[in-house]
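Okay, protein.cif now, which holds mmCIF, C-alpha atoms:
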data_data
#
loop_
_atom_site.label_atom_id
_atom_site.label_comp_id
_atom_site.auth_asym_id
_atom_site.auth_seq_id
_atom_site.Cartn_x
_atom_site.Cartn_y
_atom_site.Cartn_z
CA MET A 12 -33.59 -14.69 -112.34
CA ASN A 13 -36.48 -12.27 -112.56
CA PRO A 14 -38.61 -12.31 -109.37
CA PHE A 15 -41.75 -11.87 -111.44
CA ASP A 16 -41.01 -15.10 -113.28
CA ILE A 17 -40.98 -16.90 -109.94
CA LEU A 18 -44.37 -15.44 -109.05
CA LYS A 19 -45.80 -16.55 -112.40
CA ASN A 20 -44.66 -20.11 -111.67
CA ALA A 21 -45.73 -20.12 -108.01
CA ASP A 22 -48.89 -22.13 -108.66
CA ALA A 23 -47.02 -24.77 -110.62
CA ILE A 24 -44.37 -25.02 -107.92
CA GLN A 25 -47.03 -25.29 -105.23
CA GLN A 26 -48.74 -28.10 -107.14
CA GLN A 27 -45.43 -29.97 -107.46
CA PHE A 28 -44.82 -29.73 -103.72
CA LYS A 29 -48.35 -30.93 -102.98
CA GLN A 30 -47.88 -33.88 -105.33
CA ILE A 31 -44.58 -34.77 -103.66
CA GLN A 32 -46.01 -34.52 -100.13
CA GLU A 33 -48.92 -36.80 -101.01
CA GLY A 34 -46.61 -39.34 -102.58
CA LEU A 35 -44.17 -39.47 -99.68
CA GLU A 36 -46.53 -41.59 -97.62
CA ASN A 37 -46.49 -44.26 -100.34
CA VAL A 38 -42.72 -44.49 -100.64
CA SER A 39 -40.88 -46.71 -98.18
CA ALA A 40 -37.59 -48.50 -97.75
CA THR A 41 -36.42 -51.30 -95.48
CA GLY A 42 -32.91 -51.40 -94.14
CA VAL A 43 -31.32 -54.52 -92.73
CA SER A 44 -28.33 -55.40 -90.59
CA GLY A 45 -26.78 -58.41 -88.95
CA GLY A 46 -27.67 -60.69 -91.85
CA ASN A 47 -31.38 -59.79 -91.64
CA LEU A 48 -31.51 -60.12 -87.86
CA VAL A 49 -32.76 -56.52 -87.67
CA LYS A 50 -35.01 -54.76 -90.19
CA VAL A 51 -36.19 -51.15 -90.02
CA THR A 52 -38.78 -49.75 -92.44
CA ILE A 53 -39.23 -46.01 -92.95
CA ASN A 54 -41.61 -44.03 -95.13
CA GLY A 55 -40.94 -41.01 -97.32
CA LYS A 56 -41.63 -38.70 -94.41
CA MET A 57 -38.64 -40.24 -92.59
CA GLU A 58 -40.91 -41.93 -90.05
CA ILE A 59 -40.10 -45.42 -88.81
CA THR A 60 -43.10 -47.57 -89.69
CA SER A 61 -41.86 -50.95 -88.46
CA VAL A 62 -39.01 -52.67 -86.68
CA PHE A 63 -38.31 -56.39 -86.87
CA LEU A 64 -35.98 -58.06 -84.38
CA ASP A 65 -35.11 -61.71 -84.84
CA PRO A 66 -35.22 -63.31 -81.38
CA ILE A 67 -31.62 -64.44 -81.89
CA ALA A 68 -30.57 -60.76 -81.89
CA VAL A 69 -32.12 -60.15 -78.48
CA ASP A 70 -29.43 -61.13 -76.00
CA PRO A 71 -29.89 -59.36 -72.66
CA ARG A 72 -26.15 -59.73 -72.05
CA ASP A 73 -25.31 -57.73 -75.18
CA ILE A 74 -27.73 -54.81 -75.46
CA GLN A 75 -25.04 -52.66 -77.11
CA MET A 76 -24.86 -55.04 -80.09
CA LEU A 77 -28.64 -54.87 -80.58
CA GLN A 78 -28.56 -51.08 -80.40
CA ASP A 79 -25.79 -50.99 -83.00
CA LEU A 80 -27.76 -53.33 -85.28
CA ILE A 81 -30.85 -51.10 -85.05
CA VAL A 82 -28.83 -47.99 -85.88
CA ALA A 83 -27.15 -49.77 -88.81
CA ALA A 84 -30.51 -50.99 -90.17
CA HIS A 85 -31.94 -47.47 -89.88
CA HIS A 86 -28.95 -46.03 -91.71
CA ASP A 87 -29.36 -48.64 -94.47
CA ALA A 88 -33.07 -47.77 -94.78
CA MET A 89 -32.29 -44.04 -95.02
CA THR A 90 -29.78 -44.64 -97.81
CA LYS A 91 -32.26 -46.80 -99.72
CA LEU A 92 -35.04 -44.25 -99.19
CA GLN A 93 -32.90 -41.39 -100.51
CA ASP A 94 -32.20 -43.42 -103.65
CA GLU A 95 -35.90 -44.22 -104.01
CA LEU A 96 -36.87 -40.54 -103.62
CA ARG A 97 -34.32 -39.47 -106.22
CA GLU A 98 -35.72 -42.08 -108.59
CA HIS A 99 -39.37 -41.08 -108.04
CA TYR A 100 -39.08 -37.33 -107.60
CA GLY A 101 -35.78 -36.29 -109.14
CA SER A 102 -37.47 -35.00 -112.28
CA LEU A 103 -40.02 -33.03 -110.26
CA LEU A 104 -37.36 -31.44 -108.11
CA GLY A 105 -35.14 -30.69 -111.10
CA GLY A 106 -33.32 -27.47 -110.44
CA MET A 107 -35.14 -26.53 -107.26
CA PRO A 108 -33.05 -25.49 -104.26
CA GLY A 109 -32.35 -28.39 -101.90
CA ALA A 110 -33.02 -30.94 -104.61
CA GLY A 111 -29.68 -32.62 -103.97
CA MET A 112 -31.11 -34.38 -100.88
#

What do you get writing this file as structure tokens?
Amino acid sequence: MNPFDILKNADAIQQQFKQIQEGLENVSATGVSGGNLVKVTINGKMEITSVFLDPIAVDPRDIQMLQDLIVAAHHDAMTKLQDELREHYGSLLGGMPGAGM
């Protein structure tokens, strides 16, 4: 690839990145575990925006189980978010490096 071609397209690439960054705040996914006992919601910036714990899941005698449920719900949310980002921004990212997420 000719380096001058990249420079010619720099403004367009910069606009695409700006558009993606602005949109990431509006994309979110909620992961669940334990039959909806634990729910974790994350936004497109990979920030946790909410955590729901059903009181049934909070057993002081079994903290390890609750920790595992939170991790599983977070993992589920991340998987859903990656799918959502591919759906929304896959065409924008096209052949750009790192577009495989």

Exercise for review: Please write the residues picked by the PyMOL selection byres ((chain A and resi 80) around 9) on this file as an NGL selection string.
Suggested key: :A and (43-45 or 48-50 or 68 or 75-79 or 81-85)

**Study point:** Target residues per the PyMOL selection byres ((chain A and resi 61) around 9), formatted as a PyMOL selection string
**Key:** chain A and resi 41+50-53+59-60+62-63

Exercise for review: Name every residue that the PyMOL selection byres ((chain A and resi 89-100) around 10) selects in this structure, writing the answer as a PyMOL selection string with chains first and numbers rising.
Suggested key: chain A and resi 27+30-31+34-35+38-42+51-57+83-88+101-105+110-112
